[in-house]
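Asks: mmCIF, C-alpha atoms, file run.cif:
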data_coords
loop_
_atom_site.label_atom_id
_atom_site.label_comp_id
_atom_site.auth_asym_id
_atom_site.auth_seq_id
_atom_site.Cartn_x
_atom_site.Cartn_y
_atom_site.Cartn_z
CA MET A 1 140.02 118.75 102.57
CA ALA A 2 138.66 120.07 99.26
CA ARG A 3 138.01 123.80 99.02
CA TRP A 4 134.23 123.43 98.68
CA GLU A 5 134.11 121.28 101.78
CA SER A 6 135.95 123.86 103.79
CA GLY A 7 133.48 126.45 102.49
CA SER A 8 130.49 124.38 103.62
CA ARG A 9 131.85 124.08 107.11
CA GLU A 10 132.23 127.84 107.40
CA ARG A 11 128.84 128.54 105.87
CA LEU A 12 127.23 126.20 108.37
CA ALA A 13 129.04 127.82 111.28
CA GLU A 14 128.03 131.29 110.16
CA ALA A 15 124.42 130.26 109.56
CA ALA A 16 124.29 128.62 112.98
CA MET A 17 125.67 131.72 114.68
CA ARG A 18 123.13 133.98 112.94
CA LEU A 19 120.29 131.78 114.18
CA TYR A 20 121.70 131.32 117.70
CA ALA A 21 122.11 135.08 117.98
CA THR A 22 118.61 135.95 116.78
CA ARG A 23 116.45 133.03 118.01
CA GLY A 24 118.56 131.66 120.82
CA PHE A 25 120.56 128.43 120.90
CA ASP A 26 117.80 126.23 122.32
CA GLN A 27 115.27 127.43 119.75
CA THR A 28 117.46 126.59 116.75
CA THR A 29 117.38 123.18 115.04
CA VAL A 30 120.00 121.55 112.83
CA ALA A 31 117.44 121.49 109.99
CA GLU A 32 117.11 125.27 110.26
CA ILE A 33 120.87 125.77 110.30
CA ALA A 34 121.27 123.64 107.17
CA ALA A 35 118.44 125.50 105.42
CA GLU A 36 119.92 128.88 106.40
CA ALA A 37 123.25 127.79 104.91
CA GLY A 38 121.55 126.41 101.79
CA LEU A 39 122.86 122.92 102.57
CA THR A 40 121.40 119.62 103.75
CA GLU A 41 121.24 118.24 107.29
CA ARG A 42 123.40 115.40 106.06
CA THR A 43 126.11 117.90 105.15
CA PHE A 44 125.79 119.48 108.60
CA PHE A 45 126.45 116.14 110.25
CA ARG A 46 129.49 115.59 108.07
CA TYR A 47 131.16 118.44 109.97
CA TYR A 48 129.49 118.60 113.36
CA ALA A 49 128.15 115.91 115.69
CA ASP A 50 125.44 118.29 116.96
CA LYS A 51 124.52 121.96 117.08
CA ARG A 52 126.62 122.52 120.21
CA GLU A 53 129.79 121.40 118.46
CA VAL A 54 129.58 124.47 116.23
CA LEU A 55 130.46 126.53 119.32
CA PHE A 56 133.07 124.27 120.89
CA THR A 57 136.31 123.01 119.45
CA ASP A 58 136.62 119.47 120.71
CA GLN A 59 138.41 119.28 124.04
CA ALA A 60 141.38 117.29 122.74
CA SER A 61 142.22 119.82 120.00
CA PHE A 62 141.67 122.71 122.37
CA GLU A 63 144.03 121.27 124.99
CA LYS A 64 146.58 120.24 122.39
CA LEU A 65 147.04 123.88 121.49
CA PHE A 66 148.20 124.67 125.01
CA LEU A 67 150.07 121.44 125.60
CA SER A 68 152.13 121.78 122.42
CA GLY A 69 153.41 125.17 123.62
CA LEU A 70 154.37 123.59 126.90
CA ALA A 71 155.97 120.52 125.31
CA GLU A 72 158.24 122.64 123.12
CA THR A 73 159.58 124.66 126.04
CA GLU A 74 162.58 123.49 127.99
CA GLY A 75 163.30 123.81 131.67
CA GLU A 76 161.34 123.34 134.86
CA ASP A 77 160.18 126.84 135.69
CA PRO A 78 156.42 126.26 136.14
CA MET A 79 155.28 129.74 135.12
CA ALA A 80 157.61 129.82 132.11
CA LEU A 81 156.04 126.56 130.94
CA VAL A 82 152.53 127.86 131.55
CA ALA A 83 153.31 131.16 129.82
CA ALA A 84 154.51 129.16 126.80
CA ALA A 85 151.27 127.16 126.84
CA ILE A 86 148.96 130.17 126.88
CA GLY A 87 151.26 132.05 124.49
CA ARG A 88 150.80 129.30 121.93
CA ALA A 89 147.03 129.38 122.44
CA ALA A 90 147.00 133.08 121.54
CA ASP A 91 147.85 132.06 117.95
CA PHE A 92 144.42 130.48 117.80
CA PHE A 93 142.76 133.90 118.09
CA PRO A 94 143.88 136.04 115.16
CA GLU A 95 142.17 139.33 114.42
CA GLU A 96 139.84 137.85 111.79
CA LYS A 97 138.38 135.52 114.37
CA ARG A 98 137.35 138.29 116.75
CA PRO A 99 133.87 139.04 115.30
CA TRP A 100 132.94 135.34 115.35
CA SER A 101 134.25 134.96 118.90
CA ARG A 102 132.26 138.01 120.01
CA ALA A 103 129.06 136.59 118.54
CA ARG A 104 129.80 133.25 120.17
CA GLN A 105 130.32 134.93 123.53
CA GLN A 106 126.90 136.57 123.39
CA VAL A 107 125.26 133.25 122.60
CA MET A 108 127.09 131.61 125.51
CA ALA A 109 126.19 134.38 127.93
CA ALA A 110 122.50 133.91 127.13
CA ASN A 111 122.47 130.15 127.77
CA GLU A 112 123.37 128.71 131.16
CA ALA A 113 124.12 125.19 129.90
CA LEU A 114 126.58 126.55 127.34
CA ALA A 115 128.24 128.80 129.91
CA GLU A 116 128.63 125.78 132.20
CA ARG A 117 130.17 123.78 129.41
CA GLU A 118 132.68 126.57 128.81
CA GLN A 119 133.52 126.55 132.51
CA HIS A 120 133.93 122.78 132.43
CA LYS A 121 136.25 123.08 129.44
CA MET A 122 138.49 125.50 131.31
CA SER A 123 138.59 123.30 134.42
CA ALA A 124 139.56 120.30 132.32
CA LEU A 125 142.27 122.40 130.67
CA ALA A 126 143.67 123.36 134.08
CA ARG A 127 143.78 119.69 135.07
CA SER A 128 145.58 118.72 131.83
CA LEU A 129 148.15 121.49 132.25
CA THR A 130 148.66 120.40 135.86
CA ALA A 131 149.26 116.82 134.75
CA ALA A 132 151.74 117.97 132.09
CA LEU A 133 153.68 119.98 134.69
CA VAL A 134 153.68 117.09 137.15
CA ALA A 135 155.01 114.87 134.36
CA ARG A 136 157.90 117.37 134.09
CA GLY A 137 158.75 116.68 137.73
CA ILE A 138 157.01 119.68 139.27
CA ASP A 139 155.41 119.35 142.71
CA PRO A 140 151.64 118.73 142.34
CA THR A 141 150.53 121.74 144.40
CA VAL A 142 152.90 124.08 142.57
CA ALA A 143 151.83 122.55 139.25
CA ALA A 144 148.15 123.15 140.02
CA LEU A 145 148.77 126.72 141.19
CA ALA A 146 150.73 127.53 138.03
CA ALA A 147 148.21 125.84 135.73
CA GLU A 148 145.26 127.59 137.39
CA ALA A 149 147.05 130.95 137.22
CA GLY A 150 147.66 130.35 133.51
CA VAL A 151 144.05 129.43 132.82
CA SER A 152 142.88 132.46 134.79
CA VAL A 153 145.13 134.74 132.71
CA PHE A 154 143.92 133.09 129.50
CA ARG A 155 140.25 133.49 130.43
CA ARG A 156 140.59 137.12 131.51
CA SER A 157 142.55 137.88 128.34
CA PHE A 158 139.92 136.20 126.22
CA ALA A 159 137.16 138.23 127.91
CA ALA A 160 139.14 141.45 127.42
CA TRP A 161 139.86 140.61 123.77
CA LEU A 162 136.12 140.25 123.16
CA ALA A 163 135.16 143.50 124.87
CA GLU A 164 133.40 146.14 122.79
CA GLY A 165 135.92 148.47 121.18
CA GLU A 166 138.99 146.43 122.20
CA THR A 167 141.61 146.47 119.42
CA ARG A 168 144.79 145.09 121.03
CA PRO A 169 145.83 141.68 119.66
CA PHE A 170 145.23 138.65 121.88
CA ALA A 171 148.92 137.99 122.58
CA GLN A 172 149.49 141.57 123.72
CA ILE A 173 146.47 141.51 126.03
CA GLN A 174 147.65 138.23 127.49
CA ASP A 175 151.14 139.58 128.20
CA GLU A 176 149.58 142.55 129.94
CA VAL A 177 147.13 140.47 131.97
CA LEU A 178 149.95 138.15 133.08
CA ALA A 179 151.92 141.23 134.13
CA GLN A 180 148.86 142.43 136.08
CA LEU A 181 148.67 139.11 137.91
CA ARG A 182 152.38 139.27 138.70
CA GLY A 183 151.89 142.79 140.02
CA LEU A 184 148.96 141.70 142.18
CA LEU A 185 151.00 138.95 143.80
CA ALA A 186 154.23 140.85 144.19
CA PRO A 187 155.18 140.78 147.87
CA MET B 188 118.06 124.52 168.08
CA ALA B 189 117.57 122.00 170.90
CA ARG B 190 120.52 119.76 171.76
CA TRP B 191 118.80 116.56 170.59
CA GLU B 192 118.06 118.16 167.25
CA SER B 193 121.68 119.07 166.73
CA GLY B 194 122.58 115.48 167.63
CA SER B 195 120.20 114.05 165.01
CA ARG B 196 121.70 116.20 162.30
CA GLU B 197 125.18 114.93 163.08
CA ARG B 198 124.04 111.31 163.37
CA LEU B 199 122.41 111.56 159.97
CA ALA B 200 125.51 113.09 158.42
CA GLU B 201 127.75 110.40 159.88
CA ALA B 202 125.40 107.60 158.85
CA ALA B 203 125.20 109.04 155.33
CA MET B 204 128.97 109.24 155.06
CA ARG B 205 129.41 105.63 156.21
CA LEU B 206 126.99 104.46 153.52
CA TYR B 207 128.39 106.72 150.79
CA ALA B 208 131.87 105.45 151.56
CA THR B 209 130.97 101.77 151.55
CA ARG B 210 128.17 101.51 148.95
CA GLY B 211 128.76 104.62 146.90
CA PHE B 212 126.68 107.77 146.79
CA ASP B 213 124.36 106.70 143.97
CA GLN B 214 123.58 103.37 145.62
CA THR B 215 122.49 104.94 148.92
CA THR B 216 118.89 105.98 149.63
CA VAL B 217 117.57 108.43 152.18
CA ALA B 218 115.59 105.58 153.76
CA GLU B 219 118.83 103.68 154.32
CA ILE B 220 120.56 106.72 155.79
CA ALA B 221 117.69 107.27 158.23
CA ALA B 222 117.70 103.59 159.21
CA GLU B 223 121.49 103.58 159.67
CA ALA B 224 121.13 106.61 161.98
CA GLY B 225 118.20 105.01 163.86
CA LEU B 226 115.92 107.87 162.78
CA THR B 227 113.00 108.36 160.40
CA GLU B 228 113.07 109.66 156.85
CA ARG B 229 110.91 112.51 158.05
CA THR B 230 113.65 113.53 160.46
CA PHE B 231 116.19 113.36 157.64
CA PHE B 232 114.15 115.81 155.58
CA ARG B 233 113.91 118.17 158.53
CA TYR B 234 117.64 118.77 158.13
CA TYR B 235 118.46 118.08 154.50
CA ALA B 236 116.55 118.67 151.26
CA ASP B 237 118.14 115.58 149.72
CA LYS B 238 121.04 113.17 150.13
CA ARG B 239 123.39 115.48 148.25
CA GLU B 240 122.88 118.30 150.70
CA VAL B 241 124.63 116.23 153.37
CA LEU B 242 127.85 116.78 151.41
CA PHE B 243 127.39 120.43 150.43
CA THR B 244 126.88 123.44 152.62
CA ASP B 245 124.40 125.59 150.76
CA GLN B 246 126.10 128.00 148.38
CA ALA B 247 124.92 131.14 150.18
CA SER B 248 126.38 130.08 153.55
CA PHE B 249 129.57 128.89 151.91
CA GLU B 250 130.11 132.18 150.09
CA LYS B 251 129.13 134.23 153.13
CA LEU B 252 132.10 132.79 154.97
CA PHE B 253 134.48 134.27 152.41
CA LEU B 254 132.55 137.46 151.79
CA SER B 255 132.37 138.33 155.49
CA GLY B 256 136.18 138.23 155.72
CA LEU B 257 136.37 140.53 152.75
CA ALA B 258 133.67 142.89 154.02
CA GLU B 259 135.47 143.38 157.33
CA THR B 260 138.75 144.33 155.70
CA GLU B 261 139.51 147.92 154.78
CA GLY B 262 141.39 149.28 151.81
CA GLU B 263 141.49 148.55 148.13
CA ASP B 264 144.45 146.19 147.79
CA PRO B 265 142.81 143.30 145.86
CA MET B 266 145.05 140.52 147.19
CA ALA B 267 144.79 141.79 150.75
CA LEU B 268 141.01 141.61 150.45
CA VAL B 269 141.14 138.14 148.91
CA ALA B 270 143.62 136.94 151.54
CA ALA B 271 141.19 138.15 154.22
CA ALA B 272 138.37 136.25 152.51
CA ILE B 273 140.17 132.92 152.34
CA GLY B 274 141.71 133.52 155.77
CA ARG B 275 138.23 133.73 157.25
CA ALA B 276 137.18 130.57 155.43
CA ALA B 277 140.04 128.67 157.10
CA ASP B 278 138.11 129.01 160.39
CA PHE B 279 135.51 126.71 158.87
CA PHE B 280 138.00 123.83 158.82
CA PRO B 281 139.15 123.15 162.37
CA GLU B 282 141.13 120.03 163.18
CA GLU B 283 138.07 118.06 164.36
CA LYS B 284 136.51 118.44 160.91
CA ARG B 285 139.44 116.88 159.05
CA PRO B 286 138.35 113.21 159.26
CA TRP B 287 134.85 114.07 157.99
CA SER B 288 136.30 116.20 155.19
CA ARG B 289 138.66 113.38 154.19
CA ALA B 290 135.78 110.91 154.00
CA ARG B 291 133.76 113.43 152.01
CA GLN B 292 136.63 113.93 149.59
CA GLN B 293 136.81 110.21 148.84
CA VAL B 294 133.09 110.06 148.15
CA MET B 295 133.38 113.07 145.83
CA ALA B 296 136.36 111.63 143.97
CA ALA B 297 134.38 108.47 143.21
CA ASN B 298 131.37 110.28 141.73
CA GLU B 299 131.70 112.50 138.69
CA ALA B 300 128.46 114.41 139.24
CA LEU B 301 129.51 115.32 142.78
CA ALA B 302 132.97 116.36 141.62
CA GLU B 303 131.37 118.59 138.99
CA ARG B 304 129.12 120.14 141.58
CA GLU B 305 132.17 120.93 143.72
CA GLN B 306 133.82 122.54 140.70
CA HIS B 307 130.68 124.54 140.04
CA LYS B 308 130.63 125.70 143.65
CA MET B 309 134.17 127.01 143.36
CA SER B 310 133.48 128.82 140.09
CA ALA B 311 130.44 130.49 141.62
CA LEU B 312 132.58 131.50 144.60
CA ALA B 313 135.15 133.10 142.29
CA ARG B 314 132.37 135.06 140.57
CA SER B 315 130.98 136.27 143.91
CA LEU B 316 134.40 137.35 145.13
CA THR B 317 134.98 139.14 141.83
CA ALA B 318 131.67 140.98 142.19
CA ALA B 319 132.53 141.97 145.77
CA LEU B 320 135.89 143.38 144.64
CA VAL B 321 134.31 145.24 141.73
CA ALA B 322 131.82 146.71 144.22
CA ARG B 323 134.86 148.05 146.11
CA GLY B 324 135.91 149.96 143.00
CA ILE B 325 138.48 147.48 141.69
CA ASP B 326 138.91 147.07 137.93
CA PRO B 327 136.96 143.99 136.74
CA THR B 328 139.94 142.18 135.18
CA VAL B 329 142.09 142.76 138.26
CA ALA B 330 139.19 141.73 140.48
CA ALA B 331 138.71 138.46 138.57
CA LEU B 332 142.44 137.69 138.60
CA ALA B 333 142.64 138.28 142.35
CA ALA B 334 139.46 136.30 143.08
CA GLU B 335 140.58 133.37 140.92
CA ALA B 336 144.02 133.39 142.53
CA GLY B 337 142.35 133.29 145.93
CA VAL B 338 140.06 130.42 145.01
CA SER B 339 143.00 128.53 143.52
CA VAL B 340 144.97 128.96 146.77
CA PHE B 341 141.94 127.90 148.80
CA ARG B 342 141.37 124.76 146.70
CA ARG B 343 145.01 123.69 146.73
CA SER B 344 145.16 124.29 150.47
CA PHE B 345 142.02 122.27 151.01
CA ALA B 346 143.45 119.39 148.96
CA ALA B 347 146.73 119.54 150.89
CA TRP B 348 144.90 119.68 154.24
CA LEU B 349 143.08 116.45 153.32
CA ALA B 350 146.19 114.59 152.19
CA GLU B 351 147.10 111.41 154.04
CA GLY B 352 149.37 112.15 156.98
CA GLU B 353 149.05 115.94 156.72
CA THR B 354 148.95 117.53 160.18
CA ARG B 355 149.45 121.28 159.59
CA PRO B 356 146.36 123.38 160.39
CA PHE B 357 144.37 124.73 157.46
CA ALA B 358 145.32 128.37 158.03
CA GLN B 359 149.03 127.54 158.08
CA ILE B 360 148.79 125.51 154.87
CA GLN B 361 146.91 128.34 153.21
CA ASP B 362 149.54 130.92 154.19
CA GLU B 363 152.22 128.66 152.76
CA VAL B 364 150.33 127.96 149.53
CA LEU B 365 149.70 131.68 149.02
CA ALA B 366 153.44 132.27 149.55
CA GLN B 367 154.14 129.55 146.95
CA LEU B 368 151.88 131.29 144.45
CA ARG B 369 153.57 134.63 145.15
CA GLY B 370 156.95 132.95 144.62
CA LEU B 371 155.80 131.42 141.35
CA LEU B 372 154.71 134.79 139.99
CA ALA B 373 157.62 136.84 141.30
CA PRO B 374 159.25 138.56 138.32
#
For this file, produce the structure as structure tokens.
Replies:
Amino acid sequence: MARWESGSRERLAEAAMRLYATRGFDQTTVAEIAAEAGLTERTFFRYYADKREVLFTDQASFEKLFLSGLAETEGEDPMALVAAAIGRAADFFPEEKRPWSRARQQVMAANEALAEREQHKMSALARSLTAALVARGIDPTVAALAAEAGVSVFRRSFAAWLAEGETRPFAQIQDEVLAQLRGLLAP
Amino acid sequence: MARWESGSRERLAEAAMRLYATRGFDQTTVAEIAAEAGLTERTFFRYYADKREVLFTDQASFEKLFLSGLAETEGEDPMALVAAAIGRAADFFPEEKRPWSRARQQVMAANEALAEREQHKMSALARSLTAALVARGIDPTVAALAAEAGVSVFRRSFAAWLAEGETRPFAQIQDEVLAQLRGLLAP
């Protein structure tokens, strides 16, 4: 991808977020986003299928992030595999992405349909992780429990990472949240 | 409620399930359900707001089941509170309900919108349990982790309870699935 193209994509995303945050997601049109970014609608549609796609990485890429961590880990310990999956996903949230993610979170919280889509995305992720564990020979119930525990840890870590004033890196938060879950379930 | 009224409600539910299972949910009308049950549409609407409501207990009653178990349990141990919540919910699935629940599950599996509604119901349950734990003074992240672990155990237990040939009672399955989750997360 040429440098200017990459710049357009980012400008569009930032323009969209400014408008979503001030006017609301439903009240913002693609034409307005393009104008705000100083680009054409046609350019917008070169990068995004619709205005919702600015907020959501496509499901396949999102899941791939987790599944690649799992695929590269050996053994059959379900939680070790799940920890590798969510550990890899933490790389997707470097410090410089935190302000954008915080803005996105506020837009999502203000729009029920977007919040539902986020929920749906997480449920689909849990099902994909379950399937990947089952493919490794793990019992389906155990696989689902491990996958759902992993997604729960990921979601809680993501929420904590976005909290006002939070400065710990994503990976550190996630290690601590996983430890909290282990502590909760210790016999 | 008079005895005949209670009988009509059950007849309608059974007629609906027969039609959903053979024709599919989308292809079944309320008029057909009423006719199959030998009752009028007006009687149907005395018990159910629509044909979907036959499959779903209203969210408030569903959540109350869990929340009452939690409310009656003392202390501040998050997993003890969650275990009490899902333990109480197990009472809602006695042996005589298993065939109906199995038929319902097949209808749900064949219809994406129904499956999504079920997912939505579980997510809302997790949020309500989280709120109840937070109201007991538990840290929000810990509360969400415990609530989501509980809902995960409940869902996996429900799926196992419905499996072909499964004969263990719901409460026993749930104790075993919770023990599996504890084992998975043991350090």
Asks: Could you give me chain A least-squares fitted onto chain B (all C-alpha atoms, paired in order), as a CSV table (one decimal) with C-alpha atoms, in the frame of the given file?
Replies:
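Just written: result07.csv:
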chain,number,residue,atom,x,y,z
A,1,MET,CA,118.2,124.5,168.1
A,2,ALA,CA,117.7,122.0,170.9
A,3,ARG,CA,120.6,119.7,171.8
A,4,TRP,CA,118.8,116.5,170.6
A,5,GLU,CA,118.1,118.1,167.3
A,6,SER,CA,121.7,119.0,166.7
A,7,GLY,CA,122.6,115.4,167.6
A,8,SER,CA,120.2,114.1,165.0
A,9,ARG,CA,121.7,116.2,162.3
A,10,GLU,CA,125.2,114.9,163.1
A,11,ARG,CA,124.1,111.3,163.4
A,12,LEU,CA,122.4,111.6,160.0
A,13,ALA,CA,125.5,113.1,158.4
A,14,GLU,CA,127.7,110.4,159.9
A,15,ALA,CA,125.4,107.6,158.8
A,16,ALA,CA,125.2,109.0,155.3
A,17,MET,CA,129.0,109.2,155.0
A,18,ARG,CA,129.4,105.6,156.2
A,19,LEU,CA,127.0,104.5,153.5
A,20,TYR,CA,128.4,106.7,150.8
A,21,ALA,CA,131.9,105.5,151.6
A,22,THR,CA,131.0,101.8,151.6
A,23,ARG,CA,128.2,101.5,149.0
A,24,GLY,CA,128.8,104.6,146.9
A,25,PHE,CA,126.7,107.8,146.8
A,26,ASP,CA,124.4,106.7,144.0
A,27,GLN,CA,123.6,103.4,145.6
A,28,THR,CA,122.5,104.9,148.9
A,29,THR,CA,118.9,106.0,149.6
A,30,VAL,CA,117.6,108.4,152.2
A,31,ALA,CA,115.6,105.6,153.8
A,32,GLU,CA,118.8,103.7,154.3
A,33,ILE,CA,120.6,106.7,155.8
A,34,ALA,CA,117.7,107.3,158.2
A,35,ALA,CA,117.7,103.6,159.2
A,36,GLU,CA,121.5,103.6,159.7
A,37,ALA,CA,121.1,106.6,162.0
A,38,GLY,CA,118.2,105.0,163.8
A,39,LEU,CA,115.9,107.9,162.8
A,40,THR,CA,113.0,108.4,160.4
A,41,GLU,CA,113.1,109.7,156.8
A,42,ARG,CA,110.9,112.5,158.0
A,43,THR,CA,113.7,113.5,160.5
A,44,PHE,CA,116.2,113.4,157.6
A,45,PHE,CA,114.2,115.8,155.6
A,46,ARG,CA,113.9,118.2,158.5
A,47,TYR,CA,117.7,118.8,158.1
A,48,TYR,CA,118.5,118.1,154.5
A,49,ALA,CA,116.6,118.7,151.3
A,50,ASP,CA,118.2,115.6,149.7
A,51,LYS,CA,121.0,113.2,150.1
A,52,ARG,CA,123.4,115.5,148.2
A,53,GLU,CA,122.9,118.3,150.7
A,54,VAL,CA,124.6,116.2,153.4
A,55,LEU,CA,127.9,116.8,151.4
A,56,PHE,CA,127.4,120.4,150.4
A,57,THR,CA,126.9,123.4,152.6
A,58,ASP,CA,124.4,125.6,150.8
A,59,GLN,CA,126.1,128.0,148.4
A,60,ALA,CA,124.9,131.1,150.2
A,61,SER,CA,126.4,130.1,153.5
A,62,PHE,CA,129.6,128.9,151.9
A,63,GLU,CA,130.1,132.2,150.1
A,64,LYS,CA,129.1,134.2,153.1
A,65,LEU,CA,132.1,132.8,155.0
A,66,PHE,CA,134.5,134.3,152.4
A,67,LEU,CA,132.5,137.5,151.8
A,68,SER,CA,132.4,138.3,155.5
A,69,GLY,CA,136.2,138.2,155.7
A,70,LEU,CA,136.4,140.5,152.7
A,71,ALA,CA,133.7,142.9,154.0
A,72,GLU,CA,135.5,143.4,157.3
A,73,THR,CA,138.8,144.3,155.7
A,74,GLU,CA,139.5,147.9,154.8
A,75,GLY,CA,141.4,149.3,151.8
A,76,GLU,CA,141.5,148.5,148.1
A,77,ASP,CA,144.4,146.2,147.8
A,78,PRO,CA,142.8,143.3,145.8
A,79,MET,CA,145.0,140.5,147.2
A,80,ALA,CA,144.8,141.8,150.7
A,81,LEU,CA,141.0,141.6,150.4
A,82,VAL,CA,141.1,138.1,148.9
A,83,ALA,CA,143.6,136.9,151.5
A,84,ALA,CA,141.2,138.1,154.2
A,85,ALA,CA,138.4,136.3,152.5
A,86,ILE,CA,140.2,132.9,152.3
A,87,GLY,CA,141.7,133.5,155.8
A,88,ARG,CA,138.2,133.7,157.2
A,89,ALA,CA,137.2,130.6,155.4
A,90,ALA,CA,140.0,128.7,157.1
A,91,ASP,CA,138.1,129.0,160.4
A,92,PHE,CA,135.5,126.7,158.9
A,93,PHE,CA,138.0,123.8,158.8
A,94,PRO,CA,139.1,123.1,162.4
A,95,GLU,CA,141.1,120.0,163.2
A,96,GLU,CA,138.1,118.1,164.3
A,97,LYS,CA,136.5,118.4,160.9
A,98,ARG,CA,139.4,116.9,159.1
A,99,PRO,CA,138.3,113.2,159.3
A,100,TRP,CA,134.8,114.1,158.0
A,101,SER,CA,136.3,116.2,155.2
A,102,ARG,CA,138.6,113.4,154.2
A,103,ALA,CA,135.8,110.9,154.0
A,104,ARG,CA,133.7,113.4,152.0
A,105,GLN,CA,136.6,113.9,149.6
A,106,GLN,CA,136.8,110.2,148.8
A,107,VAL,CA,133.1,110.1,148.1
A,108,MET,CA,133.4,113.1,145.8
A,109,ALA,CA,136.4,111.6,144.0
A,110,ALA,CA,134.4,108.5,143.2
A,111,ASN,CA,131.4,110.3,141.7
A,112,GLU,CA,131.7,112.5,138.7
A,113,ALA,CA,128.5,114.4,139.2
A,114,LEU,CA,129.5,115.3,142.8
A,115,ALA,CA,133.0,116.4,141.6
A,116,GLU,CA,131.4,118.6,139.0
A,117,ARG,CA,129.1,120.2,141.6
A,118,GLU,CA,132.2,120.9,143.7
A,119,GLN,CA,133.8,122.5,140.7
A,120,HIS,CA,130.7,124.6,140.0
A,121,LYS,CA,130.6,125.7,143.6
A,122,MET,CA,134.2,127.0,143.4
A,123,SER,CA,133.5,128.8,140.1
A,124,ALA,CA,130.4,130.5,141.6
A,125,LEU,CA,132.6,131.5,144.6
A,126,ALA,CA,135.1,133.1,142.3
A,127,ARG,CA,132.4,135.1,140.6
A,128,SER,CA,131.0,136.3,143.9
A,129,LEU,CA,134.4,137.4,145.1
A,130,THR,CA,135.0,139.1,141.8
A,131,ALA,CA,131.7,141.0,142.2
A,132,ALA,CA,132.5,142.0,145.8
A,133,LEU,CA,135.9,143.4,144.6
A,134,VAL,CA,134.3,145.3,141.7
A,135,ALA,CA,131.8,146.7,144.2
A,136,ARG,CA,134.9,148.1,146.1
A,137,GLY,CA,135.9,150.0,143.0
A,138,ILE,CA,138.5,147.5,141.7
A,139,ASP,CA,138.9,147.1,137.9
A,140,PRO,CA,137.0,144.0,136.7
A,141,THR,CA,139.9,142.2,135.2
A,142,VAL,CA,142.1,142.8,138.2
A,143,ALA,CA,139.2,141.7,140.5
A,144,ALA,CA,138.7,138.5,138.6
A,145,LEU,CA,142.4,137.7,138.6
A,146,ALA,CA,142.6,138.3,142.3
A,147,ALA,CA,139.5,136.3,143.1
A,148,GLU,CA,140.6,133.4,140.9
A,149,ALA,CA,144.0,133.4,142.5
A,150,GLY,CA,142.3,133.3,145.9
A,151,VAL,CA,140.0,130.4,145.0
A,152,SER,CA,143.0,128.5,143.5
A,153,VAL,CA,145.0,129.0,146.8
A,154,PHE,CA,141.9,127.9,148.8
A,155,ARG,CA,141.4,124.8,146.7
A,156,ARG,CA,145.0,123.7,146.7
A,157,SER,CA,145.2,124.3,150.5
A,158,PHE,CA,142.0,122.3,151.0
A,159,ALA,CA,143.4,119.4,149.0
A,160,ALA,CA,146.7,119.5,150.9
A,161,TRP,CA,144.9,119.7,154.3
A,162,LEU,CA,143.1,116.5,153.3
A,163,ALA,CA,146.2,114.6,152.2
A,164,GLU,CA,147.1,111.4,154.1
A,165,GLY,CA,149.4,112.2,157.0
A,166,GLU,CA,149.0,116.0,156.7
A,167,THR,CA,148.9,117.5,160.2
A,168,ARG,CA,149.4,121.3,159.6
A,169,PRO,CA,146.3,123.4,160.4
A,170,PHE,CA,144.3,124.7,157.5
A,171,ALA,CA,145.3,128.4,158.0
A,172,GLN,CA,149.0,127.5,158.1
A,173,ILE,CA,148.8,125.5,154.9
A,174,GLN,CA,146.9,128.3,153.2
A,175,ASP,CA,149.5,130.9,154.2
A,176,GLU,CA,152.2,128.7,152.8
A,177,VAL,CA,150.3,128.0,149.5
A,178,LEU,CA,149.7,131.7,149.0
A,179,ALA,CA,153.4,132.3,149.6
A,180,GLN,CA,154.1,129.5,147.0
A,181,LEU,CA,151.9,131.3,144.5
A,182,ARG,CA,153.6,134.6,145.2
A,183,GLY,CA,156.9,132.9,144.6
A,184,LEU,CA,155.8,131.4,141.3
A,185,LEU,CA,154.7,134.8,140.0
A,186,ALA,CA,157.6,136.8,141.3
A,187,PRO,CA,159.2,138.5,138.3
Asks: Env of Phe249 (chain B): 10 Å cut, atoms = all atoms listed in the file, seq-sep filter 2 positions within chain, self excluded. Answer as a PyMOL selection string.
Replies: chain B and resi 243-247+251-254+276+279+308-309+312
Asks: To one decimal place in Å, what is the distance between CA of Ala171 (chain A) and CA of Ser101 (chain A)?
Replies: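 Going from CA of Ala171 (chain A) over to CA of Ser101 (chain A), I get 15.4 Å.
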Asks: To verify the selection step, state as a PyMOL selection string which residues the PyMOL selection byres ((chain B and resi 257) around 8) yields on this input.
Replies: chain B and resi 253-256+258-260+268-269+271-272
Asks: Work out how far apart CA of Ile360 (chain B) and CA of Gly274 (chain B) are and give it in Å to one decimal.
Replies: 10.7 Å
Asks: When distances are computed from all atoms listed in the file, which of B:Arg314, B:Arg198, B:Arg304, B:Arg355 shows the smallest separation from Glu240 (chain B)?
Replies: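 Result for the nearest residue to Glu240 (chain B): B:Arg304.
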Asks: Can you pull out the residues contacting region 213-225 of chain B? Cut-off 12 Å, using only C-alpha atoms, and skip same-chain residues under 5 positions away; I want them as a count of residues only.
Replies: 34
Asks: Kindly give the distance, in Å, that separates CA of Ile86 (chain A) and CA of Ala131 (chain A), rounded to a single decimal.
Replies: 15.5 Å
